[in-house]
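Structure data (compact mmCIF, C-alpha atoms and all ligand atoms) from target_17.txt:
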```txt
# COMPACT_ATOMS: atom_id res chain seq x y z
CA MET Y 199 -2.54 0.15 35.23
CA MET Y 200 -1.22 2.47 32.55
CA MET Y 201 -3.60 3.20 29.70
CA PRO Y 202 -2.31 2.47 26.20
CA VAL Y 203 -1.14 5.62 24.46
CA PHE Y 204 -2.02 4.25 21.06
CA ARG Y 205 -3.68 1.15 19.66
CA CYS Y 206 -1.79 -0.26 16.68
CA ASN Y 207 -4.18 -0.23 13.74
CA ILE Y 208 -2.41 -3.24 12.21
CA CYS Y 209 -2.23 -5.80 15.04
CA GLY Y 210 -4.80 -4.14 17.32
CA VAL Y 211 -2.52 -4.22 20.39
CA GLY Y 212 -2.31 -1.26 22.79
CA ASN Y 213 1.06 0.42 23.17
CA ARG Y 214 2.07 2.36 26.24
CA SER Y 215 4.73 4.51 24.67
CA ALA Y 216 3.85 7.61 22.71
CA VAL Y 217 4.79 7.93 19.05
CA LYS Y 218 7.86 10.04 18.45
CA LEU Y 219 7.35 12.54 15.72
CA SER Y 220 10.90 12.60 14.42
CA GLU Y 221 10.78 9.69 12.02
CA ARG Y 222 8.22 8.15 9.70
CA GLU Y 223 10.08 4.83 9.99
CA GLY Y 224 10.02 5.09 13.81
CA GLY Y 225 7.32 4.86 16.48
CA LEU Y 226 7.44 1.07 16.46
CA CYS Y 227 4.55 -1.04 17.78
CA SER Y 228 5.87 -3.20 20.63
CA ASN Y 229 3.86 -6.16 19.35
CA CYS Y 230 4.07 -6.32 15.52
CA GLY Y 231 6.93 -3.88 14.91
CA SER Y 232 4.92 -1.63 12.59
CA ASN Y 233 6.23 1.90 12.16
CA ILE Y 234 4.35 5.16 11.55
CA ARG Y 235 4.51 4.78 7.76
CA LEU Y 236 3.04 1.26 7.76
CA ARG Y 237 0.22 2.32 10.08
CA SER Y 238 -0.40 5.40 7.91
CA VAL Y 239 -0.78 3.16 4.85
CA VAL Y 240 -3.39 1.03 6.61
CA LEU Y 241 -5.15 4.14 7.91
CA ALA Y 242 -5.27 5.62 4.39
CA LEU Y 243 -6.56 2.30 3.04
CA SER Y 244 -9.33 2.22 5.66
CA ARG Y 245 -10.33 5.78 4.89
CA ALA Y 246 -10.32 5.11 1.14
CA LEU Y 247 -12.20 1.80 1.19
CA PHE Y 248 -14.67 2.39 4.00
CA ASN Y 249 -14.66 6.13 4.60
CA CYS Y 250 -13.91 5.49 8.28
CA GLU Y 251 -10.96 4.55 10.49
CA LEU Y 252 -10.84 0.83 11.20
CA ALA Y 253 -7.96 -1.18 12.59
CA LEU Y 254 -6.95 -3.95 10.19
CA THR Y 255 -8.20 -6.46 12.78
CA ASP Y 256 -11.70 -4.96 12.35
CA PHE Y 257 -11.74 -4.84 8.53
CA PRO Y 258 -14.56 -6.93 7.03
CA ASN Y 259 -13.49 -10.10 5.27
CA LEU Y 260 -14.25 -9.39 1.60
CA LYS Y 261 -12.73 -11.90 -0.78
CA THR Y 262 -14.41 -10.31 -3.78
CA VAL Y 263 -12.25 -7.24 -3.24
CA ARG Y 264 -8.98 -7.44 -5.15
CA GLY Y 265 -5.78 -5.76 -4.07
CA LEU Y 266 -2.16 -5.67 -5.20
CA GLY Y 267 0.98 -4.64 -3.34
CA PHE Y 268 4.46 -3.66 -4.51
CA SER Y 269 7.02 -5.00 -2.02
CA ASP Y 270 4.59 -4.38 0.82
CA SER Y 271 5.75 -5.05 4.36
CA GLU Y 272 4.78 -8.52 5.59
CA ILE Y 273 3.41 -6.83 8.70
CA TYR Y 274 0.27 -5.75 6.88
CA ALA Y 275 0.54 -7.91 3.73
CA ARG Y 276 -0.27 -11.11 5.65
CA PRO Y 277 -3.52 -9.77 7.16
CA LEU Y 278 -4.49 -8.28 3.77
CA GLU Y 279 -4.04 -11.72 2.17
CA ARG Y 280 -6.49 -13.17 4.67
CA LEU Y 281 -9.07 -10.38 4.29
CA PHE Y 282 -9.10 -9.74 0.56
CA SER Y 283 -8.02 -11.33 -2.72
CA TYR Y 284 -4.75 -9.49 -2.28
CA SER Y 285 -1.30 -10.47 -3.47
CA ASN Y 286 2.03 -8.89 -2.79
CA THR Y 287 4.62 -8.65 -5.58
CA TYR Y 288 8.34 -7.93 -5.79
CA PHE Y 289 10.82 -6.49 -8.24
CA HIS Y 290 13.65 -8.90 -7.39
CA ARG Y 291 11.87 -12.13 -6.43
CA GLU Y 292 8.70 -14.14 -7.02
CA PRO Y 293 5.93 -13.26 -7.43
CA ARG Y 294 7.55 -10.66 -9.67
CA PHE Y 295 6.09 -7.46 -10.97
CA ASP Y 296 8.13 -4.74 -12.64
CA ILE Y 297 6.20 -1.54 -12.11
CA ALA Y 298 7.87 0.00 -15.15
CA GLN Y 299 6.36 -2.66 -17.43
CA SER Y 300 2.62 -3.01 -17.54
CA ASP Y 301 1.25 -6.56 -17.38
CA PRO Y 302 -1.73 -6.94 -19.77
CA ALA Y 303 -3.09 -9.89 -17.75
CA ARG Y 304 -3.63 -7.71 -14.68
CA LEU Y 305 -4.95 -4.48 -16.13
CA GLY Y 306 -8.16 -3.05 -14.72
CA LEU Y 307 -8.52 -5.76 -12.10
CA PHE Y 308 -7.89 -4.13 -8.76
CA ASP Y 309 -10.01 -2.31 -6.22
CA PHE Y 310 -6.87 -1.12 -4.46
CA VAL Y 311 -3.17 -0.97 -5.12
CA ILE Y 312 -0.58 -0.15 -2.47
CA CYS Y 313 2.71 1.34 -3.59
CA SER Y 314 4.81 2.37 -0.60
CA GLU Y 315 8.41 3.61 -0.96
CA VAL Y 316 8.87 2.23 -4.48
CA LEU Y 317 8.65 5.09 -6.97
CA GLU Y 318 11.82 6.82 -5.72
CA HIS Y 319 13.76 3.71 -6.82
CA VAL Y 320 12.24 3.17 -10.26
CA ALA Y 321 14.55 3.77 -13.23
CA PRO Y 322 13.59 6.75 -15.40
CA PRO Y 323 11.34 7.61 -17.12
CA VAL Y 324 9.20 7.31 -13.98
CA GLU Y 325 6.03 8.15 -15.97
CA ARG Y 326 5.82 4.48 -17.01
CA ALA Y 327 5.32 3.45 -13.38
CA PHE Y 328 2.52 5.98 -12.85
CA ALA Y 329 0.80 4.74 -16.01
CA THR Y 330 1.05 1.14 -14.76
CA LEU Y 331 -0.50 2.07 -11.42
CA ARG Y 332 -3.44 3.73 -13.14
CA ALA Y 333 -3.91 0.86 -15.59
CA LEU Y 334 -4.01 -1.81 -12.87
CA LEU Y 335 -7.00 -0.28 -11.12
CA LYS Y 336 -10.67 -0.70 -11.84
CA PRO Y 337 -12.29 2.63 -12.78
CA SER Y 338 -13.50 2.89 -9.16
CA GLY Y 339 -10.22 1.64 -7.67
CA VAL Y 340 -7.90 3.48 -5.33
CA LEU Y 341 -4.14 3.78 -5.05
CA ILE Y 342 -2.49 4.19 -1.66
CA LEU Y 343 0.88 5.77 -2.29
CA THR Y 344 3.79 6.75 -0.11
CA VAL Y 345 7.05 8.15 -1.40
CA PRO Y 346 9.57 10.55 0.09
CA TYR Y 347 8.81 14.02 -1.28
CA GLY Y 348 9.83 17.57 -0.60
CA LEU Y 349 8.26 20.95 -1.16
CA ASP Y 350 10.72 22.21 -3.78
CA ASP Y 351 9.32 23.24 -7.14
CA GLU Y 352 10.73 20.29 -8.98
CA THR Y 353 11.79 16.69 -8.50
CA ILE Y 354 15.49 16.16 -7.98
CA GLU Y 355 16.53 13.43 -10.42
CA ARG Y 356 19.80 11.97 -9.14
CA PHE Y 357 20.83 10.70 -12.58
CA ASP Y 358 19.31 13.28 -14.86
CA GLY Y 359 20.69 13.14 -18.40
CA ILE Y 360 22.03 9.60 -17.92
CA ALA Y 361 20.40 7.05 -20.16
CA ASP Y 362 19.79 3.60 -18.63
CA PRO Y 363 21.65 4.17 -15.33
CA ARG Y 364 22.87 0.90 -13.86
CA LEU Y 365 24.24 -0.03 -10.50
CA VAL Y 366 27.59 -1.83 -10.61
CA THR Y 367 30.20 -2.76 -8.02
CA LEU Y 368 33.85 -1.97 -8.64
CA ASP Y 369 36.46 -2.94 -6.02
CA GLY Y 370 33.61 -3.43 -3.54
CA LYS Y 371 32.30 0.09 -4.10
CA PRO Y 372 28.85 0.69 -5.58
CA LEU Y 373 28.77 2.94 -8.64
CA VAL Y 374 26.19 4.03 -11.17
CA ILE Y 375 27.23 3.93 -14.80
CA GLY Y 376 25.31 5.06 -17.85
CA ARG Y 377 25.67 7.07 -21.02
CA ASP Y 378 25.19 10.76 -21.66
CA PRO Y 379 23.15 11.99 -24.67
CA GLU Y 380 26.28 11.86 -26.84
CA GLY Y 381 26.79 8.20 -25.95
CA SER Y 382 29.84 8.63 -23.72
CA PHE Y 383 30.05 6.68 -20.46
CA ILE Y 384 29.33 8.48 -17.21
CA VAL Y 385 30.35 7.06 -13.83
CA ARG Y 386 28.82 8.37 -10.61
CA ASP Y 387 29.68 7.45 -7.03
CA ASP Y 388 27.44 9.98 -5.19
CA ILE Y 389 24.64 7.52 -4.62
CA VAL Y 390 22.14 6.97 -1.81
CA PHE Y 391 20.60 3.70 -0.68
CA HIS Y 392 17.44 3.20 1.35
CA GLY Y 393 17.26 0.39 3.90
CA GLY Y 394 20.97 -0.41 3.60
CA PRO Y 395 23.10 -1.06 0.53
CA GLY Y 396 21.44 -3.29 -2.05
CA ALA Y 397 18.80 -2.90 -4.66
CA THR Y 398 17.13 0.17 -3.20
CA LEU Y 399 19.09 2.85 -5.00
CA GLU Y 400 17.52 6.28 -4.64
CA MET Y 401 16.82 7.60 -8.12
CA ARG Y 402 15.04 10.80 -7.16
CA ILE Y 403 13.37 12.92 -4.54
CA PHE Y 404 9.96 13.98 -5.78
CA SER Y 405 8.49 17.38 -5.21
CA GLU Y 406 4.90 17.44 -4.03
CA SER Y 407 3.76 19.37 -7.09
CA ALA Y 408 5.57 17.04 -9.50
CA LEU Y 409 4.03 14.05 -7.75
CA ARG Y 410 0.57 15.55 -8.18
CA SER Y 411 1.27 16.26 -11.88
CA HIS Y 412 2.53 12.72 -12.50
CA LEU Y 413 -0.64 11.30 -10.97
CA GLU Y 414 -2.97 13.65 -12.84
CA ASN Y 415 -1.15 13.03 -16.12
CA ALA Y 416 -1.62 9.29 -15.57
CA GLY Y 417 -5.37 9.86 -15.50
CA PHE Y 418 -6.22 10.18 -11.81
CA ALA Y 419 -8.81 12.86 -11.08
CA ASN Y 420 -8.55 12.79 -7.27
CA VAL Y 421 -5.20 13.21 -5.55
CA ALA Y 422 -5.55 13.65 -1.79
CA PHE Y 423 -2.48 14.17 0.38
CA ASP Y 424 -3.68 12.60 3.62
CA ALA Y 425 -2.42 14.94 6.33
CA ALA Y 426 -4.99 13.91 8.95
CA GLU Y 427 -3.20 12.27 11.87
CA SER Y 428 -4.67 9.62 14.12
CA PRO Y 429 -2.87 9.69 17.50
CA GLU Y 430 -5.12 6.89 18.79
CA PHE Y 431 -3.77 4.64 16.01
CA GLY Y 432 -0.18 5.82 16.43
CA VAL Y 433 -0.15 7.83 13.22
CA ALA Y 434 1.44 11.28 13.46
CA TYR Y 435 3.62 13.28 11.11
CA PRO Y 436 6.66 15.41 11.81
CA GLY Y 437 5.99 17.82 8.93
CA PRO Y 438 4.15 18.52 5.70
CA CYS Y 439 6.30 16.22 3.52
CA SER Y 440 6.06 12.57 2.52
CA LEU Y 441 2.45 12.10 3.66
CA PRO Y 442 0.44 9.14 2.39
CA VAL Y 443 -1.51 9.94 -0.76
CA ILE Y 444 -4.97 8.56 -1.58
CA VAL Y 445 -5.39 8.54 -5.33
CA GLY Y 446 -8.28 7.58 -7.58
CA ASN Y 447 -11.26 8.70 -9.57
CA TRP Y 448 -13.92 8.17 -6.95
CA ALA Y 449 -17.12 10.17 -6.80
CA GLY Y 450 -18.83 11.02 -3.52
CA ASN Y 451 -17.37 10.20 -0.13
CA GLY Y 452 -18.79 6.81 0.73
CA GLY Y 453 -15.45 5.00 0.42
CA VAL Y 454 -14.56 3.38 -2.89
CA LEU Y 455 -15.94 -0.03 -1.91
CA PHE Y 456 -19.36 1.51 -1.60
CA SER Y 457 -19.35 3.03 -5.06
CA PRO Y 458 -22.23 1.88 -7.31
CA ALA Y 459 -19.80 -0.36 -9.23
CA ASN Y 460 -19.08 -2.42 -6.13
CA THR Y 461 -22.43 -2.45 -4.36
CA GLY Y 462 -23.71 -5.60 -6.12
CA GLU Y 463 -20.58 -7.55 -5.25
CA LEU Y 464 -20.66 -6.38 -1.66
CA LEU Y 465 -24.31 -7.32 -1.32
CA GLU Y 466 -23.56 -10.82 -2.64
CA GLU Y 467 -20.71 -11.09 -0.16
CA PHE Y 468 -23.01 -9.94 2.64
CA VAL Y 469 -25.66 -12.53 1.70
CA ARG Y 470 -23.01 -15.24 1.44
CA VAL Y 471 -21.61 -14.44 4.89
CA GLN Y 472 -25.12 -14.32 6.36
CA ARG Y 473 -25.98 -17.74 4.86
CA LYS Y 474 -22.77 -19.16 6.28
CA LEU Y 475 -23.58 -17.76 9.70
CA LEU Y 476 -27.14 -19.10 9.57
CA ALA Y 477 -25.91 -22.52 8.49
CA ALA Y 478 -23.35 -22.55 11.28
CA ARG Y 479 -25.96 -21.56 13.86
CA GLU Y 480 -28.47 -24.09 12.57
CA SER Y 481 -26.02 -26.96 12.69
CA ARG Y 482 -25.00 -25.93 16.18
CA TRP Y 483 -28.66 -25.91 17.31
CA LEU Y 484 -29.29 -29.24 15.56
CA ARG Y 485 -26.34 -30.82 17.33
CA LEU Y 486 -27.42 -29.32 20.62
CA GLY Y 487 -31.01 -30.43 19.95
CA ARG Y 488 -29.93 -34.00 19.23
CA LEU Y 489 -27.85 -33.98 22.35
CA LEU Y 490 -30.92 -32.99 24.36
CA GLY Y 491 -33.30 -35.20 22.36
CA LEU Y 492 -35.08 -32.16 20.90
CA GLY Y 493 -35.66 -30.72 17.44
CA PRO Y 494 -36.33 -32.35 14.06
CA LYS Y 495 -35.54 -36.02 13.58
CA VAL Y 496 -33.00 -36.28 10.76
ZN ZN Y 501 1.12 -3.63 16.02
```

Write the structure described by the file as structure tokens, please.
Ligand SMILES: [Zn+2]
Amino acid sequence: MMMPVFRCNICGVGNRSAVKLSEREGGLCSNCGSNIRLRSVVLALSRALFNCELALTDFPNLKTVRGLGFSDSEIYARPLERLFSYSNTYFHREPRFDIAQSDPARLGLFDFVICSEVLEHVAPPVERAFATLRALLKPSGVLILTVPYGLDDETIERFDGIADPRLVTLDGKPLVIGRDPEGSFIVRDDIVFHGGPGATLEMRIFSESALRSHLENAGFANVAFDAAESPEFGVAYPGPCSLPVIVGNWAGNGGVLFSPANTGELLEEFVRVQRKLLAARESRWLRLGRLLGLGPKV
């Protein structure tokens, strides 16, 4: 029997083929279809929350922990919904969340936020989106971020100097129109889509240093580009760009869930789970006892 080459850290199934290093969107799991990027998000989340590398199938069930996703892949969003008080949101459908507009009802609520391959599509000024991400998190919360970035000095803004760039279709051809600072119309047809034509217009390619600055300016003290691969979980990177980023204001290295702010809640959760287990065991023994004519008469 061939040994699995990697164990998918999302579905837990062993894969016999090795991960190819050419493509972050490649290296698919034969069972759940996850790619390297999706597994790297879950790996970064495990490192951030627990300070260790767990497969999603081994994450503890902690409903007191609140998470939010922006157009997260169903492949890991479904398990996250079961494990945590997590909800996924979308720009174009319900449940909606526009990352460029902060939502006062949700500020400061979340232990973790996942924002994967979103910020390159957000209309400028992109600073609003970074501010929203910071504002959503609890002080101890953590952001797991992926975005395509390069190592140039500066971000390449595709529509720099165009106010309110909008995607339109003319004779079946997608175009971006907007106005220049003098108010004249500008039309551009040199546009790039991600994941096929549609709503995922590429607005920019970040530079690593600009990404760090955006995050620090939004109020994050810790910005960690997570270059550590995990071949056993099928996470490997072809180069130094576009790595997952773990972002927050955590202190120490116990994992954000084990920060002093969360310990009380976790302890309550632990006690609750233990009571449930005890109750389940007791009722099982009672039933068994009755069956055998043993135990307390009730
Ligand atoms: Zn899988």

Inset, instruction - Would you kindly return, as a ChimeraX atom specification, each protein, DNA or RNA residue with an atom no farther than 6 Å from any atom of Phe431 (chain Y), considering only C-alpha atoms and excluding same-chain residues fewer than 2 positions away? - result: /Y:204-207,428-429,433

Inset, instruction - List every protein, DNA or RNA residue that has an atom no more than 9 Å from (-7.2, 15.7, -4.1) in the file's coordinate frame, counting all atoms listed in the file, and report them as a list in words. - result: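 Collected hits near the coordinates: Arg410, Ala419, Asn420, Val421, Ala422, Phe423, Val443, Ile444, Val445 and Gly446 of chain Y.
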
Legend entry - Surrounding residues as a list of chain:residue names, ligand ZN 501 (chain Y), max 7 Å, all atoms listed in the file: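 For ligand ZN 501 (chain Y), the residues inside 7 Å are Y:Cys206, Y:Asn207, Y:Ile208, Y:Cys209, Y:Gly210, Y:Val211, Y:Cys227, Y:Ser228, Y:Asn229, Y:Cys230, Y:Gly231, Y:Ser232.
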
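Between CA of Ala321 (chain Y) and CA of Gly267 (chain Y) the interatomic distance comes to 18.8 Å.
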
Inset, instruction - Using all atoms listed in the file, determine which residues lie at most 8 Å from region 345-355 of chain Y, disregarding the query and same-chain residues fewer than 2 positions distant; provide the list as a list in words. - result: Ser314, Glu315, Val316, Leu317, Glu318, Leu343, Phe357, Asp358, Met401, Arg402, Ile403, Phe404, Ser405, Glu406, Ser407, Ala408, Cys439, Ser440, Leu441 and Pro442 of chain Y

Legend entry - Residue among Y:Ile360, Y:Ile312, Y:Ala246, Y:Asp256 lying closest to Ser271 (chain Y), counting only C-alpha atoms: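 Of Y:Ile360, Y:Ile312, Y:Ala246, Y:Asp256, the one nearest Ser271 (chain Y) is Y:Ile312, counting only C-alpha atoms.
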
Keeping all heavy atoms (and nothing else), can you write region 399-411 of chain Y of this structure as a PDB file, in the first residue's frame?
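Output contents, as saved in part28.pdb:
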```pdb
ATOM      1  N   LEU Y 399     -12.978  41.802 -10.596  1.00  0.00           N
ATOM      2  CA  LEU Y 399     -12.042  42.672 -11.304  1.00  0.00           C
ATOM      3  C   LEU Y 399     -10.812  42.939 -10.434  1.00  0.00           C
ATOM      4  O   LEU Y 399     -10.933  43.275  -9.260  1.00  0.00           O
ATOM      5  CB  LEU Y 399     -12.766  43.983 -11.588  1.00  0.00           C
ATOM      6  CG  LEU Y 399     -11.982  45.105 -12.258  1.00  0.00           C
ATOM      7  CD1 LEU Y 399     -11.584  44.717 -13.667  1.00  0.00           C
ATOM      8  CD2 LEU Y 399     -12.824  46.371 -12.273  1.00  0.00           C
ATOM      9  N   GLU Y 400      -9.639  42.757 -11.022  1.00  0.00           N
ATOM     10  CA  GLU Y 400      -8.415  43.049 -10.268  1.00  0.00           C
ATOM     11  C   GLU Y 400      -8.159  44.555 -10.247  1.00  0.00           C
ATOM     12  O   GLU Y 400      -7.986  45.184 -11.274  1.00  0.00           O
ATOM     13  CB  GLU Y 400      -7.221  42.339 -10.904  1.00  0.00           C
ATOM     14  CG  GLU Y 400      -5.951  42.525 -10.110  1.00  0.00           C
ATOM     15  CD  GLU Y 400      -4.741  41.960 -10.839  1.00  0.00           C
ATOM     16  OE1 GLU Y 400      -4.159  42.689 -11.661  1.00  0.00           O
ATOM     17  OE2 GLU Y 400      -4.431  40.793 -10.609  1.00  0.00           O
ATOM     18  N   MET Y 401      -8.166  45.119  -9.048  1.00  0.00           N
ATOM     19  CA  MET Y 401      -7.965  46.554  -8.890  1.00  0.00           C
ATOM     20  C   MET Y 401      -6.492  46.896  -8.696  1.00  0.00           C
ATOM     21  O   MET Y 401      -6.057  47.987  -8.996  1.00  0.00           O
ATOM     22  CB  MET Y 401      -8.727  47.045  -7.655  1.00  0.00           C
ATOM     23  CG  MET Y 401     -10.215  47.118  -7.847  1.00  0.00           C
ATOM     24  SD  MET Y 401     -10.653  48.613  -8.747  1.00  0.00           S
ATOM     25  CE  MET Y 401     -12.413  48.387  -8.916  1.00  0.00           C
ATOM     26  N   ARG Y 402      -5.754  45.950  -8.112  1.00  0.00           N
ATOM     27  CA  ARG Y 402      -4.362  46.266  -7.772  1.00  0.00           C
ATOM     28  C   ARG Y 402      -3.568  45.000  -7.508  1.00  0.00           C
ATOM     29  O   ARG Y 402      -4.135  43.938  -7.261  1.00  0.00           O
ATOM     30  CB  ARG Y 402      -4.308  47.141  -6.507  1.00  0.00           C
ATOM     31  CG  ARG Y 402      -4.803  46.451  -5.253  1.00  0.00           C
ATOM     32  CD  ARG Y 402      -4.929  47.390  -4.082  1.00  0.00           C
ATOM     33  NE  ARG Y 402      -5.879  48.467  -4.322  1.00  0.00           N
ATOM     34  CZ  ARG Y 402      -7.210  48.320  -4.266  1.00  0.00           C
ATOM     35  NH1 ARG Y 402      -7.744  47.155  -3.969  1.00  0.00           N
ATOM     36  NH2 ARG Y 402      -8.019  49.327  -4.514  1.00  0.00           N
ATOM     37  N   ILE Y 403      -2.250  45.152  -7.570  1.00  0.00           N
ATOM     38  CA  ILE Y 403      -1.359  44.116  -7.048  1.00  0.00           C
ATOM     39  C   ILE Y 403      -0.554  44.775  -5.941  1.00  0.00           C
ATOM     40  O   ILE Y 403       0.224  45.711  -6.184  1.00  0.00           O
ATOM     41  CB  ILE Y 403      -0.412  43.564  -8.128  1.00  0.00           C
ATOM     42  CG1 ILE Y 403      -1.223  42.953  -9.277  1.00  0.00           C
ATOM     43  CG2 ILE Y 403       0.514  42.503  -7.529  1.00  0.00           C
ATOM     44  CD1 ILE Y 403      -0.382  42.594 -10.478  1.00  0.00           C
ATOM     45  N   PHE Y 404      -0.770  44.318  -4.720  1.00  0.00           N
ATOM     46  CA  PHE Y 404      -0.076  44.911  -3.581  1.00  0.00           C
ATOM     47  C   PHE Y 404       1.408  44.620  -3.654  1.00  0.00           C
ATOM     48  O   PHE Y 404       1.843  43.623  -4.242  1.00  0.00           O
ATOM     49  CB  PHE Y 404      -0.605  44.305  -2.277  1.00  0.00           C
ATOM     50  CG  PHE Y 404      -1.954  44.800  -1.862  1.00  0.00           C
ATOM     51  CD1 PHE Y 404      -3.094  44.062  -2.123  1.00  0.00           C
ATOM     52  CD2 PHE Y 404      -2.087  46.014  -1.194  1.00  0.00           C
ATOM     53  CE1 PHE Y 404      -4.342  44.510  -1.741  1.00  0.00           C
ATOM     54  CE2 PHE Y 404      -3.330  46.468  -0.799  1.00  0.00           C
ATOM     55  CZ  PHE Y 404      -4.465  45.717  -1.072  1.00  0.00           C
ATOM     56  N   SER Y 405       2.183  45.468  -3.000  1.00  0.00           N
ATOM     57  CA  SER Y 405       3.561  45.100  -2.692  1.00  0.00           C
ATOM     58  C   SER Y 405       3.563  44.662  -1.233  1.00  0.00           C
ATOM     59  O   SER Y 405       2.708  45.095  -0.448  1.00  0.00           O
ATOM     60  CB  SER Y 405       4.500  46.278  -2.901  1.00  0.00           C
ATOM     61  OG  SER Y 405       4.373  47.189  -1.830  1.00  0.00           O
ATOM     62  N   GLU Y 406       4.519  43.805  -0.895  1.00  0.00           N
ATOM     63  CA  GLU Y 406       4.578  43.293   0.479  1.00  0.00           C
ATOM     64  C   GLU Y 406       4.707  44.445   1.476  1.00  0.00           C
ATOM     65  O   GLU Y 406       4.025  44.477   2.504  1.00  0.00           O
ATOM     66  CB  GLU Y 406       5.761  42.326   0.625  1.00  0.00           C
ATOM     67  CG  GLU Y 406       5.802  41.653   1.984  1.00  0.00           C
ATOM     68  CD  GLU Y 406       7.107  40.898   2.220  1.00  0.00           C
ATOM     69  OE1 GLU Y 406       7.231  39.779   1.720  1.00  0.00           O
ATOM     70  OE2 GLU Y 406       7.998  41.439   2.904  1.00  0.00           O
ATOM     71  N   SER Y 407       5.563  45.410   1.146  1.00  0.00           N
ATOM     72  CA  SER Y 407       5.792  46.502   2.104  1.00  0.00           C
ATOM     73  C   SER Y 407       4.556  47.389   2.243  1.00  0.00           C
ATOM     74  O   SER Y 407       4.229  47.852   3.336  1.00  0.00           O
ATOM     75  CB  SER Y 407       7.024  47.323   1.712  1.00  0.00           C
ATOM     76  OG  SER Y 407       6.856  47.845   0.420  1.00  0.00           O
ATOM     77  N   ALA Y 408       3.834  47.594   1.129  1.00  0.00           N
ATOM     78  CA  ALA Y 408       2.613  48.407   1.214  1.00  0.00           C
ATOM     79  C   ALA Y 408       1.551  47.684   2.032  1.00  0.00           C
ATOM     80  O   ALA Y 408       0.828  48.303   2.815  1.00  0.00           O
ATOM     81  CB  ALA Y 408       2.085  48.717  -0.182  1.00  0.00           C
ATOM     82  N   LEU Y 409       1.489  46.365   1.854  1.00  0.00           N
ATOM     83  CA  LEU Y 409       0.521  45.573   2.610  1.00  0.00           C
ATOM     84  C   LEU Y 409       0.795  45.697   4.109  1.00  0.00           C
ATOM     85  O   LEU Y 409      -0.119  45.933   4.915  1.00  0.00           O
ATOM     86  CB  LEU Y 409       0.641  44.107   2.161  1.00  0.00           C
ATOM     87  CG  LEU Y 409      -0.446  43.127   2.552  1.00  0.00           C
ATOM     88  CD1 LEU Y 409      -1.820  43.624   2.117  1.00  0.00           C
ATOM     89  CD2 LEU Y 409      -0.155  41.760   1.944  1.00  0.00           C
ATOM     90  N   ARG Y 410       2.060  45.575   4.460  1.00  0.00           N
ATOM     91  CA  ARG Y 410       2.448  45.727   5.876  1.00  0.00           C
ATOM     92  C   ARG Y 410       2.064  47.113   6.393  1.00  0.00           C
ATOM     93  O   ARG Y 410       1.492  47.247   7.470  1.00  0.00           O
ATOM     94  CB  ARG Y 410       3.963  45.491   6.016  1.00  0.00           C
ATOM     95  CG  ARG Y 410       4.461  45.563   7.447  1.00  0.00           C
ATOM     96  CD  ARG Y 410       5.965  45.379   7.511  1.00  0.00           C
ATOM     97  NE  ARG Y 410       6.390  43.997   7.322  1.00  0.00           N
ATOM     98  CZ  ARG Y 410       6.327  43.059   8.264  1.00  0.00           C
ATOM     99  NH1 ARG Y 410       5.853  43.349   9.458  1.00  0.00           N
ATOM    100  NH2 ARG Y 410       6.737  41.831   8.026  1.00  0.00           N
ATOM    101  N   SER Y 411       2.342  48.150   5.595  1.00  0.00           N
ATOM    102  CA  SER Y 411       2.016  49.528   6.018  1.00  0.00           C
ATOM    103  C   SER Y 411       0.511  49.710   6.205  1.00  0.00           C
ATOM    104  O   SER Y 411       0.072  50.314   7.181  1.00  0.00           O
ATOM    105  CB  SER Y 411       2.498  50.550   4.992  1.00  0.00           C
ATOM    106  OG  SER Y 411       3.876  50.454   4.839  1.00  0.00           O
TER     107      SER Y 411
END
```
